Amino acid sequence: MVKLIATGATLAASGAYAISFGAGVFGGAAMPTGDMAADLVLYYQYTPSGGSVGYKGGDMKASPKMGARAYLGVLPGLEIEAAFGYHFNHPQKDWNVPNFDEPSYRIIPITAGANYVIPVGPVALYAGGGGGYYLAKGKLEGSFKVPPFGDVKLSGDMNVNKPGFYAGGGLRYYLGKFSLDVGPRFNYVINDGTYDVDMEYNVGGFGGSVPFEVEKGFNDSFVDILVGANYYFM
């Protein structure tokens with residue numbers, strides 16, 4: 001009888017540990033790796049004539065990142081995570097395309113995955129992975145003089161929305177219903193390819209748009225270094 005009671009208590013404690021719900025925020029840096037960190041080369045094509053030109057940009061640098069996430073504990077040691085983040089901008093080092101300002105490149109990851117958590121007292125180690133959709137937006141602006149029309153201003157937007165996956169881990173410290181965590185996360189986005197861009201122009205007060213094709217010849221990959229704070233409702 002004693003053994004049976006102990007087993008029931010253990011199962012009850014296990015169930016309480018398994019079912020949990022929490023939410024939190026995080027911040028840090030997203031550091032490009034691989035081809036994303038190498039020289040950015042954009043090839044664009046003016047659709048009506050079929051001509052193409054290639055320009056070499058600079059090295060893409062790290063961006064500040066922040067976001068929010070939610071956790072759902074479903075089994076002892078196993079939790080489901082849903083998250084979204086925002087890369088403020090990945091600037092270019094040594095940008096050298098004539099007549100064009102340094103472009104902006106922002107990414108919004110929307111992901112879901114699972115973590116395996118190993119508690120050791122108030123501290124826990126965790127590792128996990130998952131996938132999702134990465135919404136990327138590039139913007140390029142430039143201007144130059146064309147006599148006798150004067151200044152010609154150009155502005156183009158490129159939206160690159162593709163799937164990807166991530167894997168990472170870290171260390172979590174529990175403080176009652178709160179926890180703090182820190183750790184790296186590797187992301188890989190399958191988004192090389194050709195994309196349509198409408199390049200808007202303004203010449204002497206008259207404007208319009210010219211269709212271009214931009215060849216993005218690399219997949220995005222970056223490593224997040226994140227610090228987070230979480231609260232558990234149950």
# chains A, B, ... in the order shown; residues from 1 in each chain; ligands from 1
>>> residues_around(residues="Phe218 of chain A", least_positions_apart="6", cutoff="8 Å", atoms="only C-alpha atoms", output="PyMOL selection string")
chain A and resi 35-36+191-193
>>> residues_around(residues="Glu141 of chain A", least_positions_apart="6", cutoff="12 Å", atoms="only C-alpha atoms", output="ChimeraX atom specification")
/A:97-104,152-158,199-202
>>> write_last_selection(atoms="C-alpha atoms", output="PDB file, in the first residue's frame")
ATOM      1  CA  VAL A  97      27.902  50.548 -55.275  1.00  0.00           C
ATOM      2  CA  PRO A  98      28.106  53.957 -56.997  1.00  0.00           C
ATOM      3  CA  ASN A  99      25.192  56.410 -56.583  1.00  0.00           C
ATOM      4  CA  PHE A 100      23.306  54.102 -54.201  1.00  0.00           C
ATOM      5  CA  ASP A 101      23.010  54.403 -50.438  1.00  0.00           C
ATOM      6  CA  GLU A 102      23.796  51.453 -48.208  1.00  0.00           C
ATOM      7  CA  PRO A 103      20.772  49.130 -48.375  1.00  0.00           C
ATOM      8  CA  SER A 104      18.703  48.016 -45.423  1.00  0.00           C
ATOM      9  CA  VAL A 152      17.174  61.364 -60.567  1.00  0.00           C
ATOM     10  CA  LYS A 153      16.032  59.520 -57.439  1.00  0.00           C
ATOM     11  CA  LEU A 154      15.552  55.749 -57.293  1.00  0.00           C
ATOM     12  CA  SER A 155      13.988  53.529 -54.627  1.00  0.00           C
ATOM     13  CA  GLY A 156      13.422  49.777 -54.734  1.00  0.00           C
ATOM     14  CA  ASP A 157      11.959  47.210 -52.336  1.00  0.00           C
ATOM     15  CA  MET A 158      12.571  43.451 -52.371  1.00  0.00           C
ATOM     16  CA  MET A 199      12.238  50.365 -58.926  1.00  0.00           C
ATOM     17  CA  GLU A 200      10.460  53.687 -58.444  1.00  0.00           C
ATOM     18  CA  TYR A 201      12.036  56.792 -59.965  1.00  0.00           C
ATOM     19  CA  ASN A 202      11.547  60.539 -59.798  1.00  0.00           C
TER      20      ASN A 202
END
>>> residues_around(residues="Ala37 of chain A", least_positions_apart="6", cutoff="10 Å", atoms="only C-alpha atoms", output="list in words")
Met31, Gly58, Asp59, Met60, Lys61, Ala62, His90, Gln92, Lys93, Asp220, Ser221 and Phe222 of chain A
>>> atom_distance(atom1="atom CA of Pro91 of chain A", atom2="atom CA of Gly131 of chain A")
25.3 Å
>>> residues_around(residues="Gly128 of chain A", least_positions_apart="3", cutoff="7 Å", atoms="only C-alpha atoms", output="PyMOL selection string")
chain A and resi 114-116+167-169
>>> closest_residue(among="A:Val160, A:Ala229, A:Ala127, A:Val214", to="Ala70 of chain A", atoms="only C-alpha atoms")
A:Ala229
>>> closest_residue(among="A:Phe21, A:Gly142, A:Leu171, A:Ile80", to="Gly183 of chain A", atoms="only C-alpha atoms")
A:Leu171
>>> atom_distance(atom1="atom CA of Leu175 of chain A", atom2="atom CA of Gly85 of chain A")
24.6 Å
>>> atom_distance(atom1="atom CA of Lys137 of chain A", atom2="atom CA of Thr111 of chain A")
17.3 Å
>>> closest_residue(among="A:Val203, A:Leu135, A:Val223, A:Val123", to="Pro148 of chain A", atoms="only C-alpha atoms")
A:Val203
>>> decode(residues="segment 103-178 of chain A", atoms="C-alpha atoms", output="CSV table (one decimal), in the first residue's frame")
chain,number,residue,atom,x,y,z
A,103,PRO,CA,20.8,49.1,-48.4
A,104,SER,CA,18.7,48.0,-45.4
A,105,TYR,CA,17.9,44.4,-44.8
A,106,ARG,CA,15.4,43.3,-42.1
A,107,ILE,CA,14.2,39.9,-41.2
A,108,ILE,CA,11.1,38.7,-39.2
A,109,PRO,CA,11.3,35.1,-38.2
A,110,ILE,CA,8.1,33.3,-37.3
A,111,THR,CA,9.0,29.9,-35.9
A,112,ALA,CA,7.7,26.9,-33.9
A,113,GLY,CA,9.7,24.0,-32.5
A,114,ALA,CA,10.5,21.9,-29.4
A,115,ASN,CA,13.0,22.0,-26.6
A,116,TYR,CA,14.3,19.3,-24.4
A,117,VAL,CA,15.0,20.6,-20.9
A,118,ILE,CA,17.2,18.9,-18.3
A,119,PRO,CA,16.8,20.5,-14.9
A,120,VAL,CA,19.7,20.6,-12.4
A,121,GLY,CA,18.4,22.3,-9.3
A,122,PRO,CA,17.4,25.9,-10.1
A,123,VAL,CA,19.3,25.7,-13.3
A,124,ALA,CA,18.4,23.8,-16.5
A,125,LEU,CA,20.2,23.0,-19.7
A,126,TYR,CA,18.0,22.9,-22.9
A,127,ALA,CA,18.5,22.1,-26.5
A,128,GLY,CA,16.0,22.2,-29.4
A,129,GLY,CA,15.1,23.0,-32.9
A,130,GLY,CA,12.3,23.7,-35.3
A,131,GLY,CA,11.3,25.6,-38.4
A,132,GLY,CA,9.1,28.4,-39.7
A,133,TYR,CA,8.8,31.2,-42.1
A,134,TYR,CA,11.3,34.1,-42.4
A,135,LEU,CA,10.0,37.4,-43.8
A,136,ALA,CA,12.9,39.4,-45.2
A,137,LYS,CA,12.7,42.9,-46.7
A,138,GLY,CA,15.5,44.7,-48.5
A,139,LYS,CA,15.4,48.4,-49.5
A,140,LEU,CA,17.8,50.2,-51.8
A,141,GLU,CA,17.8,53.9,-52.6
A,142,GLY,CA,20.0,56.1,-54.8
A,143,SER,CA,20.3,59.3,-56.7
A,144,PHE,CA,22.4,60.8,-59.5
A,145,LYS,CA,22.4,63.8,-61.8
A,146,VAL,CA,21.3,63.5,-65.4
A,147,PRO,CA,21.7,66.8,-67.4
A,148,PRO,CA,19.5,68.6,-68.2
A,149,PHE,CA,16.9,66.9,-66.0
A,150,GLY,CA,18.8,67.3,-62.8
A,151,ASP,CA,18.6,64.8,-59.9
A,152,VAL,CA,17.2,61.4,-60.6
A,153,LYS,CA,16.0,59.5,-57.4
A,154,LEU,CA,15.6,55.7,-57.3
A,155,SER,CA,14.0,53.5,-54.6
A,156,GLY,CA,13.4,49.8,-54.7
A,157,ASP,CA,12.0,47.2,-52.3
A,158,MET,CA,12.6,43.5,-52.4
A,159,ASN,CA,10.4,41.1,-50.3
A,160,VAL,CA,11.9,37.6,-49.8
A,161,ASN,CA,9.6,35.4,-47.7
A,162,LYS,CA,10.8,31.8,-47.5
A,163,PRO,CA,10.9,28.8,-45.1
A,164,GLY,CA,13.8,27.9,-42.9
A,165,PHE,CA,14.9,26.0,-39.8
A,166,TYR,CA,16.8,26.6,-36.6
A,167,ALA,CA,18.7,24.6,-33.9
A,168,GLY,CA,20.2,25.8,-30.6
A,169,GLY,CA,20.4,25.5,-26.9
A,170,GLY,CA,21.4,27.3,-23.7
A,171,LEU,CA,21.2,27.7,-20.0
A,172,ARG,CA,18.1,28.6,-18.0
A,173,TYR,CA,17.9,29.8,-14.4
A,174,TYR,CA,14.6,29.6,-12.5
A,175,LEU,CA,13.4,32.1,-10.0
A,176,GLY,CA,10.0,31.0,-8.8
A,177,LYS,CA,7.6,31.6,-11.7
A,178,PHE,CA,10.2,33.5,-13.6
